[in-house]
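**Student:** Input structure: coords_25.tsv, which contains TSV, N, CA and C atoms.
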```tsv
chain	number	residue	atom	x	y	z
A	1	MET	N	98.39	90.35	65.82
A	1	MET	CA	97.14	90.39	66.56
A	1	MET	C	96.98	89.14	67.42
A	2	LYS	N	97.35	87.96	66.88
A	2	LYS	CA	97.23	86.72	67.64
A	2	LYS	C	98.17	86.73	68.84
A	3	GLN	N	99.38	87.31	68.67
A	3	GLN	CA	100.32	87.37	69.78
A	3	GLN	C	99.78	88.24	70.91
A	4	LEU	N	99.14	89.34	70.56
A	4	LEU	CA	98.57	90.24	71.55
A	4	LEU	C	97.46	89.53	72.32
A	5	LEU	N	96.59	88.82	71.62
A	5	LEU	CA	95.52	88.08	72.26
A	5	LEU	C	96.08	86.98	73.15
A	6	PHE	N	97.08	86.26	72.65
A	6	PHE	CA	97.71	85.20	73.44
A	6	PHE	C	98.35	85.78	74.70
A	7	SER	N	99.06	86.89	74.58
A	7	SER	CA	99.71	87.52	75.73
A	7	SER	C	98.68	87.96	76.77
A	8	PHE	N	97.57	88.51	76.30
A	8	PHE	CA	96.50	88.94	77.20
A	8	PHE	C	95.91	87.74	77.95
A	9	LEU	N	95.62	86.66	77.23
A	9	LEU	CA	95.04	85.48	77.85
A	9	LEU	C	96.02	84.84	78.85
A	10	LEU	N	97.28	84.80	78.51
A	10	LEU	CA	98.29	84.24	79.39
A	10	LEU	C	98.39	85.07	80.67
A	11	ALA	N	98.48	86.37	80.54
A	11	ALA	CA	98.57	87.25	81.71
A	11	ALA	C	97.33	87.13	82.58
A	12	THR	N	96.16	87.04	81.98
A	12	THR	CA	94.91	86.91	82.72
A	12	THR	C	94.87	85.60	83.49
A	13	SER	N	95.30	84.52	82.87
A	13	SER	CA	95.26	83.23	83.54
A	13	SER	C	96.27	83.16	84.67
A	14	ILE	N	97.43	83.75	84.52
A	14	ILE	CA	98.44	83.75	85.57
A	14	ILE	C	97.96	84.55	86.77
A	15	LEU	N	97.34	85.69	86.54
A	15	LEU	CA	96.87	86.55	87.61
A	15	LEU	C	95.66	85.97	88.35
A	16	SER	N	94.97	85.01	87.76
A	16	SER	CA	93.77	84.46	88.39
A	16	SER	C	94.07	83.33	89.36
A	17	PHE	N	95.31	82.84	89.43
A	17	PHE	CA	95.65	81.75	90.33
A	17	PHE	C	95.68	82.22	91.77
A	18	LYS	N	95.22	81.35	92.70
A	18	LYS	CA	95.28	81.61	94.12
A	18	LYS	C	96.11	80.51	94.75
A	19	PRO	N	96.85	80.83	95.83
A	19	PRO	CA	97.67	79.79	96.46
A	19	PRO	C	96.80	78.67	97.02
A	20	ILE	N	97.26	77.45	96.89
A	20	ILE	CA	96.53	76.28	97.37
A	20	ILE	C	97.32	75.65	98.52
A	21	THR	N	96.64	75.29	99.58
A	21	THR	CA	97.29	74.63	100.70
A	21	THR	C	97.50	73.16	100.37
A	22	LYS	N	98.20	72.44	101.22
A	22	LYS	CA	98.45	71.01	101.00
A	22	LYS	C	97.16	70.20	101.00
A	23	THR	N	96.13	70.72	101.65
A	23	THR	CA	94.86	69.99	101.71
A	23	THR	C	94.02	70.23	100.46
A	24	GLY	N	94.50	71.09	99.56
A	24	GLY	CA	93.77	71.35	98.32
A	24	GLY	C	92.78	72.50	98.43
A	25	LYS	N	92.74	73.16	99.59
A	25	LYS	CA	91.82	74.27	99.77
A	25	LYS	C	92.55	75.58	99.50
A	26	VAL	N	91.81	76.58	99.07
A	26	VAL	CA	92.40	77.89	98.81
A	26	VAL	C	92.80	78.52	100.13
A	27	LYS	N	94.01	79.00	100.21
A	27	LYS	CA	94.50	79.62	101.42
A	27	LYS	C	93.99	81.06	101.48
A	28	ILE	N	93.39	81.42	102.59
A	28	ILE	CA	92.84	82.76	102.77
A	28	ILE	C	93.84	83.58	103.58
A	29	GLU	N	94.27	84.69	103.03
A	29	GLU	CA	95.17	85.57	103.74
A	29	GLU	C	94.35	86.46	104.66
A	30	THR	N	94.77	86.59	105.92
A	30	THR	CA	94.04	87.43	106.86
A	30	THR	C	94.85	88.66	107.19
A	31	SER	N	94.16	89.70	107.56
A	31	SER	CA	94.83	90.94	107.90
A	31	SER	C	94.49	91.38	109.32
A	32	THR	N	94.12	90.43	110.19
A	32	THR	CA	93.79	90.73	111.56
A	32	THR	C	95.06	91.11	112.33
A	33	VAL	N	95.00	92.23	113.03
A	33	VAL	CA	96.14	92.66	113.83
A	33	VAL	C	95.80	92.40	115.29
A	34	CYS	N	96.60	91.55	115.93
A	34	CYS	CA	96.36	91.17	117.32
A	34	CYS	C	97.55	91.57	118.17
A	35	LYS	N	97.27	91.82	119.46
A	35	LYS	CA	98.34	92.18	120.39
A	35	LYS	C	99.33	91.03	120.54
A	36	TYR	N	98.83	89.80	120.70
A	36	TYR	CA	99.71	88.64	120.86
A	36	TYR	C	99.74	87.82	119.58
A	37	SER	N	98.64	87.21	119.23
A	37	SER	CA	98.57	86.45	117.98
A	37	SER	C	97.11	86.15	117.66
A	38	GLN	N	96.89	85.61	116.48
A	38	GLN	CA	95.55	85.27	116.03
A	38	GLN	C	95.26	83.81	116.39
A	39	CYS	N	94.02	83.50	116.69
A	39	CYS	CA	93.60	82.14	117.00
A	39	CYS	C	93.97	81.21	115.85
A	40	GLN	N	94.48	80.02	116.18
A	40	GLN	CA	94.93	79.06	115.18
A	40	GLN	C	93.85	78.07	114.75
A	41	ALA	N	92.63	78.21	115.30
A	41	ALA	CA	91.54	77.30	114.94
A	41	ALA	C	91.12	77.52	113.50
A	42	THR	N	90.73	76.43	112.83
A	42	THR	CA	90.30	76.49	111.44
A	42	THR	C	88.94	75.82	111.30
A	43	ALA	N	88.03	76.48	110.59
A	43	ALA	CA	86.69	75.91	110.37
A	43	ALA	C	86.79	74.72	109.43
A	44	LYS	N	86.17	73.60	109.81
A	44	LYS	CA	86.20	72.40	108.97
A	44	LYS	C	85.44	72.60	107.67
A	45	SER	N	84.34	73.36	107.73
A	45	SER	CA	83.48	73.51	106.55
A	45	SER	C	84.08	74.41	105.49
A	46	THR	N	84.77	75.49	105.90
A	46	THR	CA	85.29	76.45	104.92
A	46	THR	C	86.81	76.45	104.81
A	47	GLY	N	87.48	75.97	105.85
A	47	GLY	CA	88.94	76.02	105.85
A	47	GLY	C	89.50	77.38	106.24
A	48	ASN	N	88.61	78.30	106.65
A	48	ASN	CA	89.05	79.64	107.04
A	48	ASN	C	89.54	79.64	108.48
A	49	GLN	N	90.58	80.42	108.73
A	49	GLN	CA	91.12	80.56	110.07
A	49	GLN	C	90.24	81.48	110.90
A	50	CYS	N	90.12	81.19	112.20
A	50	CYS	CA	89.37	82.04	113.12
A	50	CYS	C	89.99	83.44	113.13
A	51	LYS	N	89.16	84.46	113.18
A	51	LYS	CA	89.66	85.84	113.13
A	51	LYS	C	89.81	86.47	114.51
A	52	HIS	N	89.51	85.72	115.57
A	52	HIS	CA	89.66	86.27	116.91
A	52	HIS	C	91.13	86.29	117.33
A	53	CYS	N	91.43	87.16	118.26
A	53	CYS	CA	92.77	87.25	118.82
A	53	CYS	C	92.83	86.43	120.11
A	54	VAL	N	94.02	85.94	120.46
A	54	VAL	CA	94.19	85.22	121.71
A	54	VAL	C	94.29	86.22	122.85
A	55	SER	N	93.98	85.77	124.06
A	55	SER	CA	93.95	86.67	125.22
A	55	SER	C	95.31	86.87	125.86
A	56	ASN	N	96.12	85.82	125.89
A	56	ASN	CA	97.40	85.88	126.60
A	56	ASN	C	98.56	85.49	125.70
A	57	GLU	N	99.73	86.00	126.01
A	57	GLU	CA	100.93	85.66	125.25
A	57	GLU	C	101.18	84.16	125.37
A	58	GLY	N	101.48	83.49	124.27
A	58	GLY	CA	101.75	82.06	124.26
A	58	GLY	C	100.53	81.21	123.95
A	59	ASP	N	99.32	81.79	124.03
A	59	ASP	CA	98.10	81.04	123.70
A	59	ASP	C	98.04	80.80	122.20
A	60	LYS	N	97.44	79.66	121.81
A	60	LYS	CA	97.26	79.36	120.39
A	60	LYS	C	95.82	79.52	119.96
A	61	TYR	N	94.89	79.50	120.93
A	61	TYR	CA	93.47	79.55	120.60
A	61	TYR	C	92.76	80.63	121.42
A	62	CYS	N	91.72	81.21	120.84
A	62	CYS	CA	90.93	82.23	121.52
A	62	CYS	C	90.02	81.58	122.57
A	63	PHE	N	89.27	82.39	123.31
A	63	PHE	CA	88.41	81.87	124.37
A	63	PHE	C	87.34	80.92	123.84
A	64	GLN	N	86.94	81.06	122.59
A	64	GLN	CA	85.89	80.21	122.02
A	64	GLN	C	86.41	78.82	121.61
A	65	HIS	N	87.71	78.71	121.40
A	65	HIS	CA	88.26	77.45	120.88
A	65	HIS	C	89.17	76.73	121.87
A	66	LYS	N	89.19	77.15	123.13
A	66	LYS	CA	90.04	76.48	124.14
A	66	LYS	C	89.44	75.17	124.55
```
Could I get this structure in the form of C-alpha cells?
**Tutor:**
Amino acid sequence: MKQLLFSFLLATSILSFKPITKTGKVKIETSTVCKYSQCQATAKSTGNQCKHCVSNEGDKYCFQHK
C-alpha cells in the first residue's frame, strides 16, 4: 500500500513541473499560427510573448512593437 501511495505521489509531482526559462520565469507555449512569424516582444510584467503576427517576412516585431 505504501509503494502504491509513493508511486502516485511521485507521478503527480513529476507531471506538475513546468519548463523554466533562464530568467526563472515559467515558459509559456503559444499556439499562434502566423503567415510569417510571431512577434518576438515579451511583456516585462508577465514574461509572456506577444501573440500578434508580424506583417512582413523577416520582421521580428508586430506593428505595435516596432
**Student:** What gap, in Å, lies between CA of Ser37 (chain A) and CA of His65 (chain A)?
**Tutor:**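 Between CA of Ser37 (chain A) and CA of His65 (chain A) the gap works out to 14.0 Å.
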**Student:** Please identify all polymer residues within 8 Å of Val33 (chain A), counting only N, CA and C atoms, omitting same-chain residues fewer than 3 positions from it, and present them as a PyMOL selection string.
**Tutor:** chain A and resi 30+36-38+51-53
**Student:** If you measure from CA of Cys39 (chain A) to CA of Asn56 (chain A), what distance in Å do you get, rounded to one decimal?
**Tutor:**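 Calculated distance between CA of Cys39 (chain A) and CA of Asn56 (chain A) is 11.0 Å.
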**Student:** As an exercise, work out the distance from atom C of Glu57 (chain A) to CA of Lys44 (chain A) in Å and give it to one decimal place.
**Tutor:**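 One can read the atom C of Glu57 (chain A) to CA of Lys44 (chain A) distance as 25.1 Å.
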